[in-house]
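Engineer: I am sharing entry36.csv, which consists of CSV, C-alpha atoms:
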```
chain,number,residue,atom,x,y,z
V,26,MET,CA,274.9,-85.4,-132.3
V,27,ALA,CA,277.1,-82.4,-131.3
V,28,GLY,CA,278.9,-81.7,-128.1
V,29,ILE,CA,279.8,-78.2,-126.7
V,30,TYR,CA,282.4,-77.8,-123.9
V,31,ILE,CA,281.7,-74.5,-122.0
V,32,ALA,CA,285.0,-73.2,-120.8
V,33,SER,CA,286.7,-70.1,-119.4
V,34,THR,CA,290.3,-69.1,-118.8
V,35,ALA,CA,289.5,-68.0,-115.2
V,36,PRO,CA,287.1,-69.2,-112.5
V,37,ARG,CA,283.7,-67.7,-111.9
V,38,ALA,CA,283.3,-66.4,-115.4
V,39,GLY,CA,279.6,-67.5,-115.8
V,40,LYS,CA,279.9,-71.0,-117.1
V,41,SER,CA,276.8,-72.3,-115.3
V,42,LEU,CA,274.8,-69.3,-116.4
V,43,LEU,CA,275.7,-69.7,-120.0
V,44,THR,CA,275.2,-73.5,-119.9
V,45,PHE,CA,271.7,-73.7,-118.5
V,46,SER,CA,270.6,-70.6,-120.5
V,47,LEU,CA,271.9,-72.0,-123.8
V,48,GLY,CA,270.4,-75.4,-122.9
V,49,VAL,CA,266.9,-73.9,-122.3
V,50,LEU,CA,267.1,-71.9,-125.5
V,51,LEU,CA,268.0,-75.0,-127.5
V,52,GLN,CA,265.2,-76.9,-125.9
V,53,GLN,CA,262.8,-74.1,-126.8
V,54,SER,CA,263.9,-74.4,-130.4
V,55,GLY,CA,262.9,-78.1,-130.4
V,56,ARG,CA,266.3,-79.7,-129.9
V,57,SER,CA,267.0,-82.4,-127.3
V,58,VAL,CA,269.7,-81.4,-124.9
V,59,GLY,CA,272.0,-83.5,-122.7
V,60,TYR,CA,274.2,-82.1,-119.9
V,61,MET,CA,277.1,-83.2,-117.7
V,62,LYS,CA,280.0,-81.7,-115.7
V,63,PRO,CA,282.9,-84.2,-115.8
V,64,LEU,CA,285.0,-82.6,-113.0
V,65,GLY,CA,283.3,-81.3,-109.9
V,66,ARG,CA,284.6,-78.9,-107.3
V,67,LEU,CA,281.6,-78.4,-105.0
V,68,PRO,CA,280.5,-81.7,-103.5
V,69,GLN,CA,276.9,-82.3,-102.6
V,70,LYS,CA,275.1,-85.5,-101.8
V,71,HIS,CA,271.9,-86.1,-103.8
V,72,GLU,CA,269.9,-89.3,-103.3
V,73,GLU,CA,272.8,-90.9,-101.4
V,74,LEU,CA,275.2,-90.2,-104.3
V,75,MET,CA,277.9,-87.5,-104.4
V,76,GLY,CA,277.9,-84.9,-107.2
V,77,ASP,CA,278.7,-81.3,-107.9
V,78,SER,CA,276.2,-78.7,-106.5
V,79,ASP,CA,276.5,-76.5,-109.6
V,80,ALA,CA,275.8,-79.4,-111.9
V,81,LEU,CA,272.8,-80.5,-109.9
V,82,VAL,CA,271.3,-77.0,-110.3
V,83,VAL,CA,271.9,-76.9,-114.1
V,84,GLN,CA,270.5,-80.4,-114.5
V,85,GLU,CA,267.3,-79.4,-112.6
V,86,VAL,CA,266.9,-76.3,-114.8
V,87,LEU,CA,267.2,-78.5,-117.9
V,88,GLY,CA,264.8,-81.1,-116.6
V,89,GLN,CA,267.4,-83.9,-116.8
V,90,ASN,CA,267.4,-86.8,-114.3
V,91,ILE,CA,270.9,-88.4,-114.3
V,92,PRO,CA,272.4,-89.9,-111.1
V,93,ALA,CA,274.8,-87.4,-109.4
V,94,ASP,CA,277.8,-89.6,-109.8
V,95,VAL,CA,277.2,-90.0,-113.5
V,96,LEU,CA,276.4,-86.3,-114.0
V,97,THR,CA,279.8,-85.5,-112.4
V,98,PRO,CA,282.0,-88.7,-112.6
V,99,VAL,CA,285.1,-87.1,-111.1
V,100,MET,CA,285.3,-84.9,-108.0
V,101,LEU,CA,288.3,-82.8,-107.0
V,102,PRO,CA,289.7,-84.2,-103.7
V,103,GLN,CA,288.7,-82.3,-100.6
V,104,ASN,CA,291.5,-83.7,-98.4
V,105,LEU,CA,294.8,-85.7,-98.6
V,106,HIS,CA,293.0,-89.0,-98.4
V,107,GLY,CA,290.9,-88.0,-101.4
V,108,LEU,CA,294.1,-86.9,-103.2
V,109,ALA,CA,295.6,-90.4,-102.7
V,110,ILE,CA,292.5,-92.1,-104.1
V,111,ALA,CA,292.5,-89.7,-107.1
V,112,GLY,CA,296.1,-90.5,-107.7
V,113,ARG,CA,295.5,-94.2,-107.9
V,114,GLU,CA,292.5,-93.7,-110.2
V,115,GLN,CA,294.5,-91.5,-112.6
V,116,GLU,CA,297.2,-94.2,-112.9
V,117,ASP,CA,294.6,-96.8,-113.7
V,118,GLY,CA,292.8,-94.5,-116.2
V,119,GLU,CA,289.5,-94.9,-114.2
V,120,ASN,CA,288.6,-91.3,-114.2
V,121,LEU,CA,288.7,-90.9,-118.0
V,122,THR,CA,286.8,-94.2,-118.4
V,123,ARG,CA,284.1,-93.0,-116.1
V,124,ILE,CA,283.8,-89.7,-118.0
V,125,HIS,CA,283.7,-91.5,-121.3
V,126,ASN,CA,280.9,-93.9,-120.1
V,127,ALA,CA,278.9,-91.0,-118.6
V,128,TYR,CA,279.1,-88.9,-121.7
V,129,ARG,CA,278.1,-91.8,-124.0
V,130,HIS,CA,275.1,-92.5,-121.7
V,131,ILE,CA,274.0,-88.8,-121.4
V,132,SER,CA,274.5,-87.9,-125.1
V,133,GLU,CA,272.7,-90.9,-126.5
V,134,GLY,CA,269.8,-89.7,-128.7
V,135,LYS,CA,270.5,-86.0,-128.0
V,136,ASP,CA,270.9,-83.3,-130.6
V,137,VAL,CA,273.3,-81.4,-128.5
V,138,THR,CA,275.2,-82.2,-125.3
V,139,LEU,CA,276.5,-79.4,-123.1
V,140,VAL,CA,279.6,-80.2,-121.1
V,141,SER,CA,280.5,-77.7,-118.4
V,142,GLY,CA,284.2,-77.1,-117.6
V,143,ALA,CA,285.6,-76.6,-114.1
V,144,ALA,CA,287.6,-73.6,-112.9
V,145,SER,CA,290.1,-72.5,-115.6
V,146,PHE,CA,290.8,-74.0,-119.0
V,147,PRO,CA,292.9,-75.9,-119.9
V,148,ALA,CA,294.6,-76.7,-116.6
V,149,ALA,CA,291.7,-77.8,-114.3
V,150,GLY,CA,291.7,-81.6,-113.9
V,151,ARG,CA,295.3,-82.1,-114.9
V,152,PHE,CA,296.0,-83.8,-111.6
V,153,ALA,CA,293.8,-86.6,-112.6
V,154,HIS,CA,294.6,-86.6,-116.3
V,155,VAL,CA,291.2,-85.2,-117.2
V,156,ASP,CA,292.1,-81.6,-118.0
V,157,GLY,CA,289.9,-79.6,-120.4
V,158,MET,CA,292.2,-80.1,-123.4
V,159,ARG,CA,292.2,-83.9,-123.0
V,160,LEU,CA,288.4,-84.1,-122.5
V,161,VAL,CA,287.8,-82.0,-125.6
V,162,ARG,CA,290.0,-84.3,-127.7
V,163,GLU,CA,288.8,-87.6,-126.2
V,164,LEU,CA,285.1,-86.7,-126.4
V,165,ASP,CA,285.4,-84.8,-129.8
V,166,LEU,CA,283.8,-81.6,-128.4
V,167,LYS,CA,283.6,-78.0,-129.7
V,168,VAL,CA,284.7,-75.3,-127.2
V,169,LEU,CA,282.7,-72.2,-126.4
V,170,PHE,CA,284.4,-69.8,-124.1
V,171,VAL,CA,282.7,-67.4,-121.6
V,172,GLU,CA,284.8,-64.7,-120.1
V,173,ARG,CA,283.9,-62.2,-117.4
V,174,TYR,CA,284.7,-58.7,-118.5
V,175,THR,CA,286.6,-56.7,-115.8
V,176,GLY,CA,287.8,-53.8,-117.9
V,177,GLN,CA,289.9,-56.2,-119.8
V,178,ILE,CA,290.0,-60.0,-120.6
V,179,ASN,CA,292.8,-62.6,-120.7
V,180,PHE,CA,294.0,-61.8,-124.2
V,181,ASP,CA,297.1,-64.0,-124.1
V,182,GLU,CA,295.3,-67.0,-122.6
V,183,LEU,CA,292.5,-66.8,-125.2
V,184,LEU,CA,294.9,-66.6,-128.1
V,185,PHE,CA,297.0,-69.4,-126.7
V,186,VAL,CA,294.1,-71.8,-126.2
V,187,LYS,CA,292.7,-70.8,-129.6
V,188,ASP,CA,295.9,-71.9,-131.3
V,189,MET,CA,295.9,-75.1,-129.2
V,190,LEU,CA,292.3,-76.0,-130.1
V,191,GLY,CA,292.3,-75.1,-133.7
V,192,GLU,CA,288.9,-75.7,-135.3
V,193,ALA,CA,287.5,-77.1,-132.1
V,194,GLN,CA,287.3,-73.5,-130.8
V,195,ILE,CA,284.0,-71.9,-131.9
V,196,GLY,CA,284.1,-68.6,-130.2
V,197,LEU,CA,283.4,-66.6,-127.1
V,198,VAL,CA,280.6,-65.0,-125.0
V,199,LEU,CA,281.5,-61.9,-123.0
V,200,ASN,CA,279.8,-61.7,-119.6
V,201,ASP,CA,279.1,-59.0,-117.1
V,202,VAL,CA,279.9,-55.9,-119.2
V,203,PRO,CA,279.0,-52.6,-117.6
V,204,GLU,CA,276.5,-50.5,-119.6
V,205,ARG,CA,279.1,-47.6,-119.7
V,206,GLU,CA,281.6,-49.9,-121.5
V,207,MET,CA,279.3,-51.5,-124.0
V,208,ARG,CA,280.2,-49.0,-126.8
V,209,ASP,CA,283.9,-49.7,-126.5
V,210,VAL,CA,283.3,-53.4,-126.3
V,211,TYR,CA,281.4,-53.4,-129.6
V,212,LYS,CA,283.5,-50.9,-131.4
V,213,ILE,CA,287.0,-52.0,-130.2
V,214,LEU,CA,287.1,-55.3,-128.3
V,215,LYS,CA,284.7,-57.4,-130.5
V,216,PRO,CA,286.4,-56.5,-133.8
V,217,TRP,CA,289.8,-57.1,-132.3
V,218,LEU,CA,288.8,-60.6,-131.1
V,219,GLU,CA,287.1,-61.5,-134.4
V,220,GLY,CA,290.1,-60.2,-136.3
V,221,HIS,CA,292.2,-62.8,-134.4
V,222,GLY,CA,289.9,-65.7,-135.1
V,223,ILE,CA,287.6,-65.6,-132.0
V,224,THR,CA,284.0,-65.1,-132.9
V,225,VAL,CA,282.0,-63.2,-130.3
V,226,HIS,CA,278.5,-64.8,-130.1
V,227,GLY,CA,277.1,-62.5,-127.5
V,228,VAL,CA,277.8,-59.7,-125.0
V,229,LEU,CA,276.0,-60.0,-121.7
V,230,LYS,CA,275.5,-56.8,-119.8
V,231,HIS,CA,276.1,-56.4,-116.1
V,232,GLU,CA,273.0,-57.4,-114.2
V,233,PRO,CA,273.1,-56.6,-110.5
V,234,GLY,CA,270.2,-58.9,-109.8
V,235,LEU,CA,272.3,-62.0,-110.7
V,236,THR,CA,274.8,-61.4,-107.8
V,237,ALA,CA,272.1,-60.5,-105.2
V,238,MET,CA,271.7,-62.7,-102.2
V,239,ARG,CA,269.2,-63.0,-99.4
V,240,VAL,CA,270.0,-61.2,-96.2
V,241,SER,CA,269.7,-64.4,-94.2
V,242,ASP,CA,272.3,-66.1,-96.5
V,243,LEU,CA,274.6,-63.1,-96.0
V,244,ALA,CA,274.3,-63.3,-92.3
V,245,TYR,CA,275.2,-67.0,-92.5
V,246,GLY,CA,278.2,-66.3,-94.8
V,247,LEU,CA,279.5,-63.6,-92.4
V,248,ASN,CA,279.0,-65.9,-89.3
V,249,GLY,CA,276.7,-63.1,-88.0
V,250,ARG,CA,273.6,-63.1,-85.8
V,251,ILE,CA,270.3,-61.5,-86.8
V,252,VAL,CA,269.3,-59.3,-83.8
V,253,ALA,CA,266.4,-57.5,-85.3
V,254,GLY,CA,264.2,-57.6,-88.5
V,255,ASN,CA,264.3,-61.4,-88.8
V,256,ALA,CA,261.0,-61.4,-90.7
V,257,GLN,CA,262.6,-59.3,-93.5
V,258,ALA,CA,265.6,-61.5,-93.8
V,259,SER,CA,264.4,-62.8,-97.2
V,260,ARG,CA,265.1,-59.4,-98.8
V,261,MET,CA,267.9,-59.2,-101.4
V,262,VAL,CA,271.3,-57.5,-101.2
V,263,ASN,CA,273.5,-56.8,-104.2
V,264,GLY,CA,276.1,-54.5,-102.8
V,265,PHE,CA,277.3,-52.7,-99.8
V,266,LEU,CA,278.5,-49.3,-98.5
V,267,LEU,CA,281.0,-48.8,-95.7
V,268,GLY,CA,279.7,-46.5,-92.9
V,269,ALA,CA,283.1,-44.9,-92.2
V,270,MET,CA,282.4,-41.3,-93.0
V,271,GLN,CA,280.5,-38.2,-91.9
V,272,VAL,CA,276.7,-38.6,-91.8
V,273,ASP,CA,276.1,-36.1,-94.7
V,274,ASN,CA,278.6,-37.8,-97.0
V,275,PHE,CA,277.3,-41.2,-96.0
V,276,MET,CA,273.7,-40.2,-96.8
V,277,LEU,CA,274.7,-38.7,-100.2
V,278,HIS,CA,276.3,-42.1,-101.2
V,279,LEU,CA,273.5,-44.3,-99.9
V,280,ARG,CA,270.3,-42.4,-100.6
V,281,ASN,CA,269.8,-43.6,-104.2
V,282,ARG,CA,271.3,-47.1,-104.0
V,283,GLU,CA,268.8,-50.0,-104.1
V,284,ASN,CA,269.4,-53.2,-102.2
V,285,CYS,CA,272.6,-52.0,-100.7
V,286,ALA,CA,273.7,-53.3,-97.3
V,287,VAL,CA,275.4,-50.9,-94.8
V,288,ILE,CA,278.5,-52.1,-92.9
V,289,VAL,CA,279.0,-49.9,-89.9
V,290,GLY,CA,280.7,-50.0,-86.5
V,291,GLY,CA,278.5,-51.1,-83.6
V,292,ASP,CA,279.4,-47.9,-81.8
V,293,ARG,CA,278.2,-45.6,-84.7
V,294,ALA,CA,274.6,-45.0,-83.6
V,295,ASP,CA,274.5,-41.8,-85.7
V,296,LEU,CA,275.2,-43.7,-89.0
V,297,GLN,CA,272.9,-46.6,-87.9
V,298,LEU,CA,270.0,-44.1,-87.4
V,299,ALA,CA,270.8,-42.4,-90.7
V,300,ALA,CA,270.8,-45.7,-92.6
V,301,LEU,CA,267.4,-46.6,-91.2
V,302,HIS,CA,265.9,-43.6,-93.2
V,303,THR,CA,267.1,-45.1,-96.5
V,304,LYS,CA,266.2,-48.1,-98.7
V,305,THR,CA,268.8,-50.4,-97.2
V,306,PRO,CA,267.6,-54.0,-96.6
V,307,CYS,CA,270.1,-54.6,-93.8
V,308,ILE,CA,272.7,-53.0,-91.5
V,309,ILE,CA,275.7,-55.1,-90.5
V,310,LEU,CA,277.0,-54.0,-87.1
V,311,THR,CA,280.7,-54.8,-86.6
V,312,GLY,CA,282.9,-55.2,-83.6
V,313,ASN,CA,280.6,-57.6,-81.8
V,314,MET,CA,278.6,-54.7,-80.3
V,315,ALA,CA,274.8,-55.1,-79.9
V,316,PRO,CA,272.6,-52.2,-81.0
V,317,SER,CA,270.7,-50.1,-78.6
V,318,GLU,CA,267.0,-50.7,-77.9
V,319,LEU,CA,266.2,-47.6,-79.9
V,320,ILE,CA,268.0,-48.9,-82.9
V,321,ARG,CA,266.3,-52.3,-82.6
V,322,THR,CA,262.9,-50.7,-82.4
V,323,LYS,CA,263.4,-48.4,-85.3
V,324,ALA,CA,264.9,-51.2,-87.4
V,325,GLU,CA,261.8,-53.4,-86.8
V,326,ALA,CA,259.5,-50.5,-87.7
V,327,ALA,CA,261.5,-49.8,-90.9
V,328,ASP,CA,261.6,-53.4,-92.0
V,329,VAL,CA,265.4,-53.4,-91.8
V,330,THR,CA,267.4,-56.4,-90.7
V,331,LEU,CA,270.2,-55.9,-88.2
V,332,ILE,CA,273.1,-58.4,-88.3
V,333,MET,CA,275.8,-58.4,-85.6
V,334,VAL,CA,279.3,-59.7,-86.4
V,335,ARG,CA,282.5,-60.1,-84.5
V,336,GLU,CA,285.0,-58.7,-87.0
V,337,ASP,CA,286.0,-55.1,-87.6
V,338,THR,CA,284.4,-53.0,-90.4
V,339,TYR,CA,287.1,-53.5,-93.0
V,340,SER,CA,287.5,-57.2,-92.4
V,341,VAL,CA,283.7,-57.6,-92.9
V,342,ALA,CA,283.9,-55.6,-96.1
V,343,ARG,CA,286.6,-57.9,-97.5
V,344,SER,CA,284.5,-61.0,-96.6
V,345,MET,CA,281.4,-59.5,-98.1
V,346,SER,CA,283.2,-58.7,-101.4
V,347,ARG,CA,284.3,-62.3,-101.5
V,348,ILE,CA,280.9,-63.7,-100.7
V,349,LEU,CA,279.2,-61.6,-103.4
V,350,ARG,CA,281.8,-62.4,-106.0
V,351,SER,CA,281.4,-66.1,-105.4
V,352,LYS,CA,277.6,-66.0,-105.2
V,353,LYS,CA,276.1,-68.9,-107.1
V,354,LEU,CA,272.8,-68.8,-109.0
V,355,ARG,CA,270.3,-70.8,-107.0
V,356,ASP,CA,267.2,-68.6,-106.7
V,357,LEU,CA,264.5,-69.4,-109.3
V,358,ALA,CA,263.8,-65.8,-110.0
V,359,GLN,CA,267.5,-65.1,-110.6
V,360,ILE,CA,267.8,-68.2,-112.9
V,361,ARG,CA,264.9,-66.8,-115.0
V,362,LEU,CA,266.6,-63.4,-115.0
V,363,GLY,CA,269.8,-65.0,-116.3
V,364,ILE,CA,268.0,-66.9,-119.0
V,365,ALA,CA,266.2,-63.8,-120.2
V,366,LEU,CA,269.6,-61.9,-120.2
V,367,VAL,CA,271.3,-64.6,-122.3
V,368,GLU,CA,268.3,-64.9,-124.7
V,369,LYS,CA,268.4,-61.2,-125.4
V,370,ALA,CA,272.1,-61.0,-126.1
V,371,LEU,CA,273.2,-64.4,-127.5
V,372,ASP,CA,273.4,-65.3,-131.2
V,373,LYS,CA,272.2,-68.9,-130.8
V,374,GLU,CA,272.0,-69.5,-134.5
V,375,SER,CA,275.7,-68.6,-135.0
V,376,ILE,CA,276.7,-71.2,-132.3
V,377,LEU,CA,274.5,-73.8,-134.0
V,378,ARG,CA,276.2,-73.1,-137.3
V,379,ALA,CA,279.6,-73.4,-135.7
V,380,ILE,CA,278.8,-76.9,-134.5
V,381,GLY,CA,277.0,-77.9,-137.6
V,382,CYS,CA,273.7,-78.5,-136.0
```
What would the structure in this file look like if it were written as structure tokens?

Structural biologist:
Amino acid sequence: MAGIYIASTAPRAGKSLLTFSLGVLLQQSGRSVGYMKPLGRLPQKHEELMGDSDALVVQEVLGQNIPADVLTPVMLPQNLHGLAIAGREQEDGENLTRIHNAYRHISEGKDVTLVSGAASFPAAGRFAHVDGMRLVRELDLKVLFVERYTGQINFDELLFVKDMLGEAQIGLVLNDVPEREMRDVYKILKPWLEGHGITVHGVLKHEPGLTAMRVSDLAYGLNGRIVAGNAQASRMVNGFLLGAMQVDNFMLHLRNRENCAVIVGGDRADLQLAALHTKTPCIILTGNMAPSELIRTKAEAADVTLIMVREDTYSVARSMSRILRSKKLRDLAQIRLGIALVEKALDKESILRAIGC
């Protein structure tokens, strides 16, 4: 039996995406797969038990049926009372014992057990003495990193943890690489990493569909109110454009952009009308200003959702950037898209060789 700890040096790198995709690919190759997330950050009650919402999604994708509090034995405290409880448990060693017991139960009879890390490696969980480094050593796991590419990666952190882990480190998957930078990643970054002892098992290209979200979910996240086009609120959004320019320039930027929301002042009827002649799925009206009846009517006819919010245009833009960056994979079509992306780019066999499986 082999165990792989999926880690990253920064949050929101794509750990869940890599975990459930790798798990599905291993299952398709005939291997039995177990899964757990020792430390949870997103509490969700499932069948009267508290677990981590990301872990529950991954478990469902992999067809596993483990109680939520076994799947995620330790939850990060959400308030001061929870912090006090966590403090007592770390003194008693209860957290580590629960994780040990859960891992033993989940991994029994499995060819490979995938263990998803939380936030950033190795610090996350240190407050309760269940940080990533300790878990890797206690559970005898191999560590596979996934790093989101943002024009660069955390070179120092990767080299530091590689030295700390020694032979437990089995390599890296690069995630979210723009098409225009693929050549440099393969010709410069990949050889550099491998020259420093970090095998690159795959390079996942940027896929806008993975960060898309429903218009209705966007309205909820912005504390907005849908005032027209409610029937089309299931359409997907994967970016946005600020309507803070002249109409001609605005149309030039927006015309060829698919699934792009428009954020515009509630008093800019000219830009609102222009946006209704494009492919935008929704228009976000800022400043708590309701649209005119003409705009409502045209939006309904064009199958465009209008969302009215209180904040100003630039505050809404900041909120929307945050919401899209933190978007979690929940939609079945997106999960399938993610698995297909990983299957195309990942060298699964090199990972199996690295863990001796």

Engineer: Excluding Asn126 (chain V) and any residue of its chain fewer than 6 positions from it, enumerate the residues within 12 Å of it, using all atoms listed in the file, and give them as a PyMOL selection string.

Structural biologist: chain V and resi 61+63+94-98+119-120+132-133+163-164

Engineer: Give me the residues within 9 Å of Val155 (chain V) as a VMD selection string, counting all atoms listed in the file and dropping any in the same chain fewer than 6 places off.

Structural biologist: chain V and resid 63 to 64 99 115 120 to 121 124 149

Engineer: Generate a file of the selected residues that holds C-alpha atoms, formatted as a JSON list (two decimals), keeping the file's coordinate frame.

Structural biologist:
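Written file, part.json:
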```json
[["chain", "number", "residue", "atom", "x", "y", "z"],
["V", 63, "PRO", "CA", 282.90, -84.20, -115.80],
["V", 64, "LEU", "CA", 285.00, -82.60, -113.00],
["V", 99, "VAL", "CA", 285.10, -87.10, -111.10],
["V", 115, "GLN", "CA", 294.50, -91.50, -112.60],
["V", 120, "ASN", "CA", 288.60, -91.30, -114.20],
["V", 121, "LEU", "CA", 288.70, -90.90, -118.00],
["V", 124, "ILE", "CA", 283.80, -89.70, -118.00],
["V", 149, "ALA", "CA", 291.70, -77.80, -114.30]]
```

Engineer: Please provide the set of residues having any atom within 6 Å of Gly290 (chain V), restricted to all atoms listed in the file, with same-chain residues fewer than 3 positions apart removed, written as a PyMOL selection string.

Structural biologist: chain V and resi 293+310-311

Engineer: When you look at region 171-183 of chain V with a cut-off of 7 Å (counting all atoms listed in the file), what residues show up, excluding the ones that are within fewer than 2 positions of it in the same chain? I need them as a ChimeraX atom specification.

Structural biologist: /V:32-34,38-40,169,185-187,197-202

Engineer: Those residues you just picked out, can you put them in a file as a JSON list (two decimals), in the coordinates of the input with C-alpha atoms?

Structural biologist:
```json
[["chain", "number", "residue", "atom", "x", "y", "z"],
["V", 32, "ALA", "CA", 285.00, -73.20, -120.80],
["V", 33, "SER", "CA", 286.70, -70.10, -119.40],
["V", 34, "THR", "CA", 290.30, -69.10, -118.80],
["V", 38, "ALA", "CA", 283.30, -66.40, -115.40],
["V", 39, "GLY", "CA", 279.60, -67.50, -115.80],
["V", 40, "LYS", "CA", 279.90, -71.00, -117.10],
["V", 169, "LEU", "CA", 282.70, -72.20, -126.40],
["V", 185, "PHE", "CA", 297.00, -69.40, -126.70],
["V", 186, "VAL", "CA", 294.10, -71.80, -126.20],
["V", 187, "LYS", "CA", 292.70, -70.80, -129.60],
["V", 197, "LEU", "CA", 283.40, -66.60, -127.10],
["V", 198, "VAL", "CA", 280.60, -65.00, -125.00],
["V", 199, "LEU", "CA", 281.50, -61.90, -123.00],
["V", 200, "ASN", "CA", 279.80, -61.70, -119.60],
["V", 201, "ASP", "CA", 279.10, -59.00, -117.10],
["V", 202, "VAL", "CA", 279.90, -55.90, -119.20]]
```

Engineer: Rounded to one decimal, what separation in Å do you get between CA of Gly150 (chain V) and CA of Phe170 (chain V)?

Structural biologist: 17.2 Å

Engineer: Please compute the CA of Leu366 (chain V)-CA of Ile348 (chain V) distance, one decimal, in Å.

Structural biologist: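 These atoms are spaced 22.6 Å apart.
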
Engineer: Which of these residues is nearest to Arg260 (chain V), using only C-alpha atoms: V:Val329, V:Leu218, V:Met26, V:Ala300?

Structural biologist: V:Val329

Engineer: CA of Ala193 (chain V) to CA of Lys167 (chain V): how many Å, to one decimal?

Structural biologist: 4.7 Å

Engineer: Do you know which residues are at most 8 Å from region 231-247 of chain V counting only C-alpha atoms, after dropping those on the same chain fewer than 2 positions away, and could you put them as a count of residues only?

Structural biologist: 34

Engineer: Let me make sure I understand: among V:Gly191, V:Pro147, V:Gly59, V:Leu50, which one has the smallest atom-to-atom distance to Ala127 (chain V) if we use all atoms listed in the file?

Structural biologist: V:Gly59

Engineer: Starting from the point (289.5, -63.5, -131.2), work out which residues of protein, DNA or RNA have an atom no more than 8 Å away when counting only C-alpha atoms; state them as a ChimeraX atom specification.

Structural biologist: /V:183-184,196-197,215,217-225

Engineer: Any chance you can output those residues with C-alpha atoms as a PDB file, in the frame of the given file?

Structural biologist:
```pdb
ATOM      1  CA  LEU V 183     292.500 -66.800-125.200  1.00  0.00           C
ATOM      2  CA  LEU V 184     294.900 -66.600-128.100  1.00  0.00           C
ATOM      3  CA  GLY V 196     284.100 -68.600-130.200  1.00  0.00           C
ATOM      4  CA  LEU V 197     283.400 -66.600-127.100  1.00  0.00           C
ATOM      5  CA  LYS V 215     284.700 -57.400-130.500  1.00  0.00           C
ATOM      6  CA  TRP V 217     289.800 -57.100-132.300  1.00  0.00           C
ATOM      7  CA  LEU V 218     288.800 -60.600-131.100  1.00  0.00           C
ATOM      8  CA  GLU V 219     287.100 -61.500-134.400  1.00  0.00           C
ATOM      9  CA  GLY V 220     290.100 -60.200-136.300  1.00  0.00           C
ATOM     10  CA  HIS V 221     292.200 -62.800-134.400  1.00  0.00           C
ATOM     11  CA  GLY V 222     289.900 -65.700-135.100  1.00  0.00           C
ATOM     12  CA  ILE V 223     287.600 -65.600-132.000  1.00  0.00           C
ATOM     13  CA  THR V 224     284.000 -65.100-132.900  1.00  0.00           C
ATOM     14  CA  VAL V 225     282.000 -63.200-130.300  1.00  0.00           C
TER      15      VAL V 225
END
```

Engineer: Would you mind telling me which residue in V:Leu81, V:Leu101, V:Val140, V:Met189 lies nearest to His154 (chain V) when using only C-alpha atoms?

Structural biologist: V:Leu101

Engineer: Counting all atoms listed in the file, figure out which residue out of V:Cys285, V:Ala358, V:Ile364, V:Leu51 gets nearest to Asp136 (chain V).

Structural biologist: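 Closest to Asp136 (chain V), using all atoms listed in the file: V:Leu51.
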
Engineer: Pick from V:Asn90, V:Thr44, V:Asn313, V:Thr138: nearest to Ser57 (chain V), with all atoms listed in the file counted?

Structural biologist: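 Comparing V:Asn90, V:Thr44, V:Asn313, V:Thr138 against Ser57 (chain V), the winner is V:Thr138.
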